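For reference, data.tsv (TSV, C-alpha atoms and all ligand atoms):
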chain	number	residue	atom	x	y	z
Z	1	MET	CA	186.24	102.16	120.57
Z	2	SER	CA	185.67	98.43	121.17
Z	3	THR	CA	183.15	96.47	119.12
Z	4	PHE	CA	181.13	95.99	122.29
Z	5	THR	CA	180.96	99.74	122.95
Z	6	LYS	CA	180.09	100.35	119.31
Z	7	THR	CA	177.25	97.85	119.56
Z	8	LEU	CA	175.91	99.50	122.72
Z	9	LEU	CA	176.14	102.92	121.09
Z	10	ALA	CA	174.47	101.70	117.92
Z	11	ALA	CA	171.69	100.05	119.92
Z	12	ALA	CA	171.15	103.24	121.91
Z	13	LEU	CA	170.82	105.12	118.62
Z	14	GLY	CA	168.29	102.65	117.26
Z	15	PHE	CA	170.57	100.96	114.72
Z	16	SER	CA	169.13	97.58	115.62
Z	17	MET	CA	170.56	96.07	112.44
Z	18	ILE	CA	174.07	96.20	113.87
Z	19	THR	CA	175.16	93.39	116.10
Z	20	ALA	CA	178.52	92.54	117.59
Z	21	ALA	CA	179.05	90.02	114.83
Z	22	GLN	CA	178.27	92.46	112.00
Z	23	ALA	CA	180.43	95.15	110.50
Z	24	LEU	CA	179.35	98.77	110.55
Z	25	PRO	CA	177.21	99.88	107.61
Z	26	SER	CA	179.24	100.96	104.61
Z	27	VAL	CA	178.65	104.56	103.47
Z	28	LYS	CA	180.29	106.07	100.39
Z	29	ILE	CA	180.81	109.82	100.29
Z	30	LEU	CA	180.78	111.37	96.83
Z	31	ALA	CA	182.27	114.85	96.97
Z	32	THR	CA	181.43	117.64	94.54
Z	33	GLY	CA	182.80	120.75	96.30
Z	34	GLY	CA	180.72	123.61	97.68
Z	35	THR	CA	181.04	125.68	100.84
Z	36	ILE	CA	181.32	122.55	102.98
Z	37	ALA	CA	184.76	122.20	101.32
Z	38	GLY	CA	185.35	125.96	101.18
Z	39	THR	CA	188.25	127.92	102.60
Z	40	ALA	CA	188.57	131.58	103.52
Z	41	ALA	CA	191.43	133.82	104.62
Z	42	SER	CA	190.13	134.18	108.18
Z	43	ALA	CA	187.74	132.48	110.63
Z	44	THR	CA	185.33	135.42	110.40
Z	45	GLN	CA	185.13	135.50	106.59
Z	46	MET	CA	181.69	134.06	105.72
Z	47	THR	CA	181.29	135.24	102.11
Z	48	GLY	CA	183.56	135.55	99.09
Z	49	TYR	CA	185.56	132.44	100.07
Z	50	LYS	CA	186.85	129.69	97.77
Z	51	ALA	CA	184.14	127.02	97.54
Z	52	GLY	CA	185.18	123.42	96.81
Z	53	ASP	CA	188.80	123.96	97.81
Z	54	LEU	CA	189.29	120.96	100.14
Z	55	GLY	CA	189.38	117.36	98.93
Z	56	ILE	CA	187.13	114.65	100.36
Z	57	GLN	CA	189.82	113.04	102.51
Z	58	VAL	CA	190.33	116.33	104.38
Z	59	LEU	CA	186.60	116.48	105.13
Z	60	ILE	CA	186.57	112.86	106.30
Z	61	ASN	CA	189.63	113.38	108.50
Z	62	ALA	CA	187.96	116.43	110.09
Z	63	VAL	CA	185.05	114.33	111.39
Z	64	PRO	CA	186.59	111.14	112.87
Z	65	GLN	CA	183.33	110.53	114.82
Z	66	MET	CA	181.75	109.27	111.58
Z	67	LYS	CA	183.80	106.09	111.92
Z	68	ASP	CA	181.80	105.15	115.05
Z	69	PHE	CA	178.66	104.82	112.94
Z	70	ALA	CA	179.77	103.72	109.50
Z	71	ASP	CA	182.61	102.37	107.47
Z	72	VAL	CA	183.21	105.52	105.44
Z	73	SER	CA	185.17	106.03	102.26
Z	74	GLY	CA	185.27	108.96	99.87
Z	75	GLU	CA	185.41	109.65	96.17
Z	76	GLN	CA	185.94	113.04	94.55
Z	77	ILE	CA	183.54	113.49	91.62
Z	78	VAL	CA	184.25	117.18	90.92
Z	79	LYS	CA	185.48	120.17	92.92
Z	80	ILE	CA	183.10	122.98	92.02
Z	81	SER	CA	181.00	125.70	93.51
Z	82	SER	CA	177.52	124.42	92.79
Z	83	ASN	CA	176.41	127.55	90.96
Z	84	ASN	CA	178.56	125.98	88.19
Z	85	MET	CA	176.68	122.65	88.20
Z	86	THR	CA	176.17	121.06	84.76
Z	87	ASP	CA	173.95	118.36	83.27
Z	88	SER	CA	177.00	116.19	82.69
Z	89	VAL	CA	177.89	116.22	86.40
Z	90	LEU	CA	174.27	115.38	87.26
Z	91	LEU	CA	174.41	112.40	84.90
Z	92	LYS	CA	177.76	111.28	86.28
Z	93	LEU	CA	176.43	111.44	89.84
Z	94	ALA	CA	173.29	109.45	89.01
Z	95	GLN	CA	175.29	106.80	87.15
Z	96	ARG	CA	177.86	106.50	89.95
Z	97	CYS	CA	175.15	106.28	92.64
Z	98	ASN	CA	173.46	103.47	90.72
Z	99	GLU	CA	176.73	101.57	90.27
Z	100	LEU	CA	177.60	101.85	93.96
Z	101	LEU	CA	174.13	101.05	95.26
Z	102	ALA	CA	173.96	97.90	93.13
Z	103	ASP	CA	176.83	96.59	95.29
Z	104	PRO	CA	175.30	94.63	98.20
Z	105	LYS	CA	178.20	95.77	100.38
Z	106	VAL	CA	177.18	99.46	100.11
Z	107	ASN	CA	174.44	100.58	102.53
Z	108	GLY	CA	174.08	104.23	101.61
Z	109	ILE	CA	175.56	107.28	99.91
Z	110	VAL	CA	176.30	110.80	101.10
Z	111	ILE	CA	176.93	113.54	98.55
Z	112	THR	CA	178.73	116.68	99.67
Z	113	HIS	CA	177.47	119.56	97.55
Z	114	GLY	CA	177.25	123.34	97.36
Z	115	THR	CA	173.94	124.67	98.58
Z	116	ASP	CA	173.14	126.90	95.58
Z	117	THR	CA	171.89	124.12	93.29
Z	118	LEU	CA	171.71	121.32	95.87
Z	119	GLU	CA	167.92	121.13	95.54
Z	120	GLU	CA	168.22	120.50	91.80
Z	121	THR	CA	170.77	117.71	92.16
Z	122	ALA	CA	168.74	116.15	94.99
Z	123	PHE	CA	165.56	116.16	92.88
Z	124	PHE	CA	167.40	114.84	89.81
Z	125	LEU	CA	168.76	111.92	91.86
Z	126	ASN	CA	165.35	111.39	93.48
Z	127	LEU	CA	164.07	110.68	89.97
Z	128	THR	CA	167.01	108.68	88.60
Z	129	VAL	CA	168.51	106.59	91.42
Z	130	LYS	CA	167.20	103.02	91.17
Z	131	SER	CA	167.49	101.91	94.76
Z	132	LYS	CA	165.74	102.04	98.12
Z	133	LYS	CA	169.08	102.58	99.87
Z	134	PRO	CA	169.49	106.05	101.42
Z	135	VAL	CA	171.10	108.83	99.38
Z	136	VAL	CA	171.71	111.96	101.46
Z	137	LEU	CA	172.90	115.33	100.20
Z	138	VAL	CA	174.74	117.61	102.57
Z	139	GLY	CA	176.29	121.04	102.38
Z	140	ALA	CA	177.18	123.94	104.60
Z	141	MET	CA	176.49	127.65	104.68
Z	142	ARG	CA	179.78	128.58	106.34
Z	143	PRO	CA	183.15	127.57	104.90
Z	144	ALA	CA	185.21	124.88	106.63
Z	145	THR	CA	187.57	127.54	108.00
Z	146	ALA	CA	184.80	129.60	109.68
Z	147	ILE	CA	184.18	130.01	113.37
Z	148	SER	CA	181.10	127.84	114.08
Z	149	ALA	CA	181.40	126.12	110.70
Z	150	ASP	CA	178.22	124.08	110.15
Z	151	GLY	CA	179.80	121.51	107.81
Z	152	PRO	CA	181.29	118.99	110.27
Z	153	LEU	CA	178.08	118.29	112.23
Z	154	ASN	CA	176.03	118.32	109.02
Z	155	LEU	CA	178.41	115.71	107.56
Z	156	LEU	CA	178.25	113.52	110.67
Z	157	ASN	CA	174.44	113.69	110.63
Z	158	ALA	CA	174.33	112.90	106.91
Z	159	VAL	CA	176.51	109.81	107.34
Z	160	LYS	CA	174.40	108.60	110.27
Z	161	LEU	CA	171.25	109.12	108.18
Z	162	ALA	CA	172.71	107.24	105.20
Z	163	ALA	CA	173.58	104.36	107.56
Z	164	ASP	CA	170.18	104.32	109.26
Z	165	PRO	CA	167.77	101.49	108.27
Z	166	GLN	CA	164.87	103.89	108.97
Z	167	ALA	CA	166.00	105.98	105.99
Z	168	VAL	CA	165.58	103.13	103.49
Z	169	GLY	CA	162.88	103.82	100.88
Z	170	LYS	CA	162.46	107.50	101.77
Z	171	GLY	CA	163.91	108.81	98.50
Z	172	VAL	CA	166.81	111.23	98.28
Z	173	MET	CA	167.15	113.39	101.40
Z	174	ILE	CA	168.97	116.52	102.52
Z	175	ALA	CA	170.46	116.55	106.02
Z	176	MET	CA	171.40	120.02	107.19
Z	177	ASN	CA	170.83	122.10	110.31
Z	178	ASP	CA	169.36	119.14	112.26
Z	179	THR	CA	166.59	118.75	109.69
Z	180	ILE	CA	165.80	115.94	107.21
Z	181	ASN	CA	164.20	117.40	104.11
Z	182	GLY	CA	162.88	115.43	101.13
Z	183	ALA	CA	164.46	116.11	97.75
Z	184	ARG	CA	161.21	116.96	95.98
Z	185	ASP	CA	159.86	119.53	98.38
Z	186	THR	CA	162.94	121.35	99.59
Z	187	THR	CA	164.31	124.65	98.44
Z	188	LYS	CA	167.06	127.06	99.48
Z	189	THR	CA	165.24	129.99	101.09
Z	190	ASN	CA	167.96	132.18	102.54
Z	191	THR	CA	171.18	133.51	101.02
Z	192	THR	CA	173.40	133.08	104.10
Z	193	ASN	CA	171.52	131.54	107.06
Z	194	VAL	CA	172.40	127.98	108.17
Z	195	GLY	CA	168.68	127.11	108.29
Z	196	THR	CA	168.30	127.86	104.61
Z	197	PHE	CA	166.67	124.60	103.43
Z	198	ARG	CA	162.93	124.47	103.93
Z	199	SER	CA	160.03	122.57	102.47
Z	200	PRO	CA	157.46	125.37	102.33
Z	201	ASP	CA	154.42	123.28	101.39
Z	202	ALA	CA	155.20	119.76	102.62
Z	203	GLY	CA	157.30	120.42	105.71
Z	204	PRO	CA	160.44	118.39	106.50
Z	205	LEU	CA	160.50	114.58	106.45
Z	206	GLY	CA	161.97	114.61	109.92
Z	207	VAL	CA	164.34	116.14	112.40
Z	208	ILE	CA	167.63	115.15	114.00
Z	209	ALA	CA	167.51	115.53	117.77
Z	210	ALA	CA	169.72	114.14	120.53
Z	211	GLY	CA	171.73	112.40	117.81
Z	212	LYS	CA	168.71	110.46	116.50
Z	213	ASN	CA	166.88	110.59	113.18
Z	214	ILE	CA	163.22	111.19	113.93
Z	215	PHE	CA	161.00	110.76	110.88
Z	216	LEU	CA	157.68	112.62	110.85
Z	217	HIS	CA	156.38	112.16	107.28
Z	218	GLU	CA	156.70	109.95	104.20
Z	219	PRO	CA	157.34	111.41	100.73
Z	220	ALA	CA	154.01	111.41	98.87
Z	221	ARG	CA	155.19	111.26	95.24
Z	222	ARG	CA	156.93	108.61	93.10
Z	223	HIS	CA	160.70	108.54	93.54
Z	224	THR	CA	163.88	106.46	93.19
Z	225	PHE	CA	162.94	102.74	92.97
Z	226	GLU	CA	159.45	103.67	91.67
Z	227	SER	CA	160.59	106.25	89.13
Z	228	GLN	CA	160.24	105.65	85.38
Z	229	PHE	CA	163.35	107.61	84.41
Z	230	ASP	CA	166.53	105.89	83.32
Z	231	VAL	CA	169.67	107.91	82.58
Z	232	SER	CA	172.09	104.99	82.55
Z	233	LYS	CA	172.81	105.37	78.82
Z	234	LEU	CA	172.51	109.15	78.47
Z	235	ASP	CA	175.41	111.55	78.08
Z	236	ALA	CA	173.30	114.71	77.65
Z	237	LEU	CA	169.86	116.03	78.63
Z	238	PRO	CA	167.35	118.02	76.57
Z	239	ARG	CA	167.75	121.78	76.76
Z	240	VAL	CA	165.14	123.39	79.03
Z	241	ASP	CA	165.30	127.08	79.90
Z	242	ILE	CA	163.65	129.10	82.66
Z	243	GLY	CA	162.13	132.54	82.04
Z	244	TYR	CA	160.97	134.97	84.72
Z	245	SER	CA	157.84	137.08	84.51
Z	246	HIS	CA	157.86	140.69	85.68
Z	247	ALA	CA	156.14	144.02	85.18
Z	248	ASN	CA	156.67	145.30	81.63
Z	249	GLY	CA	157.64	141.80	80.46
Z	250	ASP	CA	158.01	140.88	76.79
Z	251	ARG	CA	158.80	137.90	74.54
Z	252	VAL	CA	162.52	138.53	74.00
Z	253	ALA	CA	163.76	135.76	76.34
Z	254	ILE	CA	161.26	133.21	74.99
Z	255	ASP	CA	162.32	133.88	71.39
Z	256	ALA	CA	165.98	133.58	72.40
Z	257	PHE	CA	165.37	130.25	74.15
Z	258	VAL	CA	163.61	128.87	71.07
Z	259	LYS	CA	166.45	130.09	68.85
Z	260	ALA	CA	168.98	128.40	71.16
Z	261	GLY	CA	167.20	125.06	70.65
Z	262	ALA	CA	165.12	124.78	73.83
Z	263	GLN	CA	162.85	121.75	73.80
Z	264	GLY	CA	161.11	123.05	76.87
Z	265	ILE	CA	160.58	126.34	78.70
Z	266	VAL	CA	159.58	126.69	82.34
Z	267	TRP	CA	157.98	130.02	83.10
Z	268	ALA	CA	158.47	131.51	86.58
Z	269	GLY	CA	155.17	133.33	86.37
Z	270	THR	CA	153.76	135.90	88.74
Z	271	GLY	CA	151.30	134.65	91.39
Z	272	ASN	CA	149.63	131.39	90.36
Z	273	GLY	CA	151.83	131.04	87.28
Z	274	SER	CA	150.46	134.10	85.50
Z	275	ILE	CA	152.07	135.28	82.30
Z	276	HIS	CA	152.25	138.82	80.91
Z	277	GLU	CA	150.26	139.21	77.68
Z	278	ASN	CA	153.43	140.42	75.92
Z	279	GLU	CA	155.20	137.21	77.00
Z	280	GLU	CA	152.16	135.08	76.15
Z	281	VAL	CA	152.37	135.83	72.41
Z	282	GLY	CA	155.94	134.50	72.44
Z	283	ALA	CA	154.87	131.42	74.39
Z	284	VAL	CA	152.09	130.66	71.90
Z	285	ASP	CA	154.56	130.81	68.99
Z	286	ALA	CA	157.06	128.61	70.88
Z	287	ILE	CA	154.37	125.99	71.57
Z	288	LYS	CA	153.39	126.01	67.86
Z	289	LYS	CA	157.04	125.14	67.10
Z	290	GLY	CA	156.83	122.10	69.41
Z	291	VAL	CA	158.41	123.58	72.54
Z	292	VAL	CA	156.81	122.30	75.75
Z	293	PHE	CA	155.85	125.28	77.92
Z	294	VAL	CA	155.26	124.79	81.66
Z	295	ARG	CA	153.85	127.50	83.93
Z	296	SER	CA	155.41	127.63	87.39
Z	297	SER	CA	155.64	130.49	89.88
Z	298	ARG	CA	158.19	132.95	91.15
Z	299	VAL	CA	156.31	133.19	94.49
Z	300	GLY	CA	158.31	130.56	96.43
Z	301	SER	CA	155.49	128.42	97.78
Z	302	GLY	CA	152.09	127.08	96.81
Z	303	VAL	CA	150.79	125.05	93.90
Z	304	THR	CA	150.69	126.38	90.33
Z	305	THR	CA	147.30	125.20	89.14
Z	306	LEU	CA	145.29	125.33	85.96
Z	307	SER	CA	144.34	129.01	85.90
Z	308	LEU	CA	142.96	130.83	82.85
Z	309	GLN	CA	141.40	128.24	80.51
Z	310	ARG	CA	142.91	130.24	77.62
Z	311	TRP	CA	146.46	129.37	78.75
Z	312	ALA	CA	145.59	125.68	78.82
Z	313	ASP	CA	143.89	125.95	75.42
Z	314	GLU	CA	147.09	127.52	74.06
Z	315	GLY	CA	148.93	124.38	75.22
Z	316	MET	CA	150.59	125.57	78.44
Z	317	LEU	CA	151.10	122.98	81.20
Z	318	GLN	CA	151.35	123.63	84.95
Z	319	SER	CA	154.06	122.59	87.39
Z	320	GLY	CA	151.96	121.88	90.50
Z	321	ALA	CA	154.00	122.41	93.67
Z	322	LEU	CA	157.35	122.28	91.86
Z	323	ASN	CA	159.26	125.54	91.81
Z	324	PRO	CA	160.78	126.62	88.47
Z	325	GLN	CA	164.21	125.02	89.03
Z	326	LYS	CA	162.63	121.68	90.06
Z	327	ALA	CA	160.11	121.88	87.20
Z	328	ARG	CA	163.05	122.34	84.82
Z	329	ILE	CA	164.68	119.09	86.05
Z	330	LEU	CA	161.44	117.11	85.73
Z	331	LEU	CA	160.76	118.55	82.27
Z	332	GLN	CA	164.28	117.59	81.11
Z	333	LEU	CA	163.70	114.02	82.26
Z	334	ALA	CA	160.17	113.90	80.85
Z	335	LEU	CA	161.51	115.02	77.46
Z	336	THR	CA	163.90	112.05	77.41
Z	337	GLN	CA	160.77	109.87	77.14
Z	338	THR	CA	158.03	111.83	75.34
Z	339	LYS	CA	157.26	115.12	73.60
Z	340	ASP	CA	153.50	114.70	74.07
Z	341	PRO	CA	152.27	117.58	76.28
Z	342	ALA	CA	149.40	115.50	77.71
Z	343	GLU	CA	151.86	112.75	78.76
Z	344	ILE	CA	154.17	115.36	80.24
Z	345	GLN	CA	151.33	116.92	82.25
Z	346	LYS	CA	150.61	113.44	83.62
Z	347	ILE	CA	154.25	113.19	84.69
Z	348	PHE	CA	153.98	116.55	86.48
Z	349	ASP	CA	150.85	115.33	88.26
Z	350	GLU	CA	152.59	112.13	89.43
Z	351	TYR	CA	156.13	113.16	90.48
T	1	LIG	N1	178.29	128.91	96.11
T	1	LIG	C1	178.35	127.81	97.04
T	1	LIG	C2	177.97	126.54	96.29
T	1	LIG	O1	176.81	126.37	95.97
T	1	LIG	C3	177.46	128.04	98.17
T	1	LIG	C4	177.34	126.91	99.15
T	1	LIG	O2	177.87	125.83	99.03
T	1	LIG	O3	176.64	127.15	100.14
T	1	LIG	O4	178.83	125.73	96.04
Go ahead and express the file in the form of structure tokens.
Amino acid sequence: MSTFTKTLLAAALGFSMITAAQALPSVKILATGGTIAGTAASATQMTGYKAGDLGIQVLINAVPQMKDFADVSGEQIVKISSNNMTDSVLLKLAQRCNELLADPKVNGIVITHGTDTLEETAFFLNLTVKSKKPVVLVGAMRPATAISADGPLNLLNAVKLAADPQAVGKGVMIAMNDTINGARDTTKTNTTNVGTFRSPDAGPLGVIAAGKNIFLHEPARRHTFESQFDVSKLDALPRVDIGYSHANGDRVAIDAFVKAGAQGIVWAGTGNGSIHENEEVGAVDAIKKGVVFVRSSRVGSGVTTLSLQRWADEGMLQSGALNPQKARILLQLALTQTKDPAEIQKIFDEY
């Protein structure tokens, strides 16, 4: 494609920043594996495939259309199925994003990622990336070898979003299934469907239609360039565990978490973060030992509020609209700065 055609195309798509004299925006793709890089034995195999099998260059070569919108280059960070995500990979990703984004020649970053823990990585980066430049996570629900694989179009859309000046300052985003979701509010809601990512309380930040990014909302909470968290010198994060409330619950898991050295526990309570009385006695003992205990909810949407005054008096905090896995990430980061429960509640109210 000639530069002139590229300019016309870019103008039609609203990339007003690009002129004939300027180069295309530079987008780095950091690859971590997942189904988007997954391979199966046949085109109809949609489960039980090998996630993270293909390297980043194979994914880039499969979507040559990206080159019409951005100067794209890839870097393989890890090759994992994201159910195996670790704190050390999260730290590596945050540190690499910050290094790359400090380079004036880099306009944005795309991270290819498995969908299982994508929401956790996105939220972690939303709190630790120190830049207004777009960072977009992308995955797929069908492996690269599948009939109607969703990865290639998702990747193209992610690169276009990372190169789009409209996306600057919006925090970390997820581009999948023609939808732009914000890192804080999004969760995986379906085990196999391509429309799995939803933001149950906030709604999506925008949609992708006719090849254009159409923003509908702004993220409401502090993120990226406004965040107080700095992981540049960390090589580990505080241990925070998640427990799950259920009928006939007891304190066994809480005691085990404390014994394992948890500095924090997030409780996926029933309803509005309710806790079984047999679990509660364990929580009270954990709090007395200095463990920070945050009530969240197993429900899947809604805000976990202050509920029984007794739970607050016992020292339990509440997660607000963060689900347990997001609350765990925020609590880990909060614990890198303070152990004071009142300060940590303030952090939950702000982020
Ligand atoms: N298990 C896969 C992963 O999270 C699933 C996916 O990518 O959709 O890596």
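Between atom CA of Val110 of chain Z and atom CA of Pro134 of chain Z the separation is 8.3 Å.
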- Task: Return as a PyMOL selection string every polymer residue, whether protein, DNA or RNA, with at least one atom no more than 7 Å from an atom of ligand LIG 1 (chain T); count all atoms listed in the file.
- Result: chain Z and resi 33-36+51-52+80-83+113-117+139-141
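The residue that comes closest to Gly171 of chain Z, out of Z:Gly206, Z:Arg198, Z:Val138, Z:His223 and on the basis of only C-alpha atoms, is Z:His223.
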- Find the spatial neighbours of Gly211 of chain Z, counting all atoms listed in the file, within a cut-off of 10 Å - ignore same-chain residues fewer than 3 positions away - and output them as a ChimeraX atom specification. /Z:13,156-157,160,178,207-208,214
- Task: List every protein, DNA or RNA residue that has at least one atom no more than 12 Å from (159.4, 122.5, 86.1) in the file's coordinates, counting all atoms listed in the file, and write the result as a PyMOL selection string.
- Result: chain Z and resi 120+123-124+184+240-243+264-269+273+292-298+303-304+317-335+344-345+347-349+351
Expected file contents, prior selection, C-alpha atoms, as a CSV table (one decimal), keeping the file's coordinate frame:
chain,number,residue,atom,x,y,z
Z,120,GLU,CA,168.2,120.5,91.8
Z,123,PHE,CA,165.6,116.2,92.9
Z,124,PHE,CA,167.4,114.8,89.8
Z,184,ARG,CA,161.2,117.0,96.0
Z,240,VAL,CA,165.1,123.4,79.0
Z,241,ASP,CA,165.3,127.1,79.9
Z,242,ILE,CA,163.6,129.1,82.7
Z,243,GLY,CA,162.1,132.5,82.0
Z,264,GLY,CA,161.1,123.0,76.9
Z,265,ILE,CA,160.6,126.3,78.7
Z,266,VAL,CA,159.6,126.7,82.3
Z,267,TRP,CA,158.0,130.0,83.1
Z,268,ALA,CA,158.5,131.5,86.6
Z,269,GLY,CA,155.2,133.3,86.4
Z,273,GLY,CA,151.8,131.0,87.3
Z,292,VAL,CA,156.8,122.3,75.8
Z,293,PHE,CA,155.8,125.3,77.9
Z,294,VAL,CA,155.3,124.8,81.7
Z,295,ARG,CA,153.8,127.5,83.9
Z,296,SER,CA,155.4,127.6,87.4
Z,297,SER,CA,155.6,130.5,89.9
Z,298,ARG,CA,158.2,133.0,91.2
Z,303,VAL,CA,150.8,125.0,93.9
Z,304,THR,CA,150.7,126.4,90.3
Z,317,LEU,CA,151.1,123.0,81.2
Z,318,GLN,CA,151.4,123.6,85.0
Z,319,SER,CA,154.1,122.6,87.4
Z,320,GLY,CA,152.0,121.9,90.5
Z,321,ALA,CA,154.0,122.4,93.7
Z,322,LEU,CA,157.4,122.3,91.9
Z,323,ASN,CA,159.3,125.5,91.8
Z,324,PRO,CA,160.8,126.6,88.5
Z,325,GLN,CA,164.2,125.0,89.0
Z,326,LYS,CA,162.6,121.7,90.1
Z,327,ALA,CA,160.1,121.9,87.2
Z,328,ARG,CA,163.0,122.3,84.8
Z,329,ILE,CA,164.7,119.1,86.0
Z,330,LEU,CA,161.4,117.1,85.7
Z,331,LEU,CA,160.8,118.6,82.3
Z,332,GLN,CA,164.3,117.6,81.1
Z,333,LEU,CA,163.7,114.0,82.3
Z,334,ALA,CA,160.2,113.9,80.8
Z,335,LEU,CA,161.5,115.0,77.5
Z,344,ILE,CA,154.2,115.4,80.2
Z,345,GLN,CA,151.3,116.9,82.2
Z,347,ILE,CA,154.2,113.2,84.7
Z,348,PHE,CA,154.0,116.6,86.5
Z,349,ASP,CA,150.8,115.3,88.3
Z,351,TYR,CA,156.1,113.2,90.5
- Query: So what do you get for atom CA of Ala144 of chain Z versus atom CA of Ala158 of chain Z, distance-wise?
  - Reply: 16.2 Å
- Query: atom CA of Ile29 of chain Z and atom CA of Gln95 of chain Z, how far apart in Å?
  - Reply: 14.6 Å
- If we count all atoms listed in the file, what is near Gln228 of chain Z at a cut-off of 9 Å, once residues fewer than 3 positions away on the same chain are taken out, given as a list of chain:residue names? Z:Leu127, Z:Thr128, Z:Arg222, Z:His223, Z:Thr224, Z:Phe225
- List every protein, DNA or RNA residue with an atom no more than 10 Å from (175.2, 114.8, 85.4) in the file's coordinates, counting all atoms listed in the file, and format the result as number ranges by chain. Z: 85-96, 121, 124-125, 231, 234-237
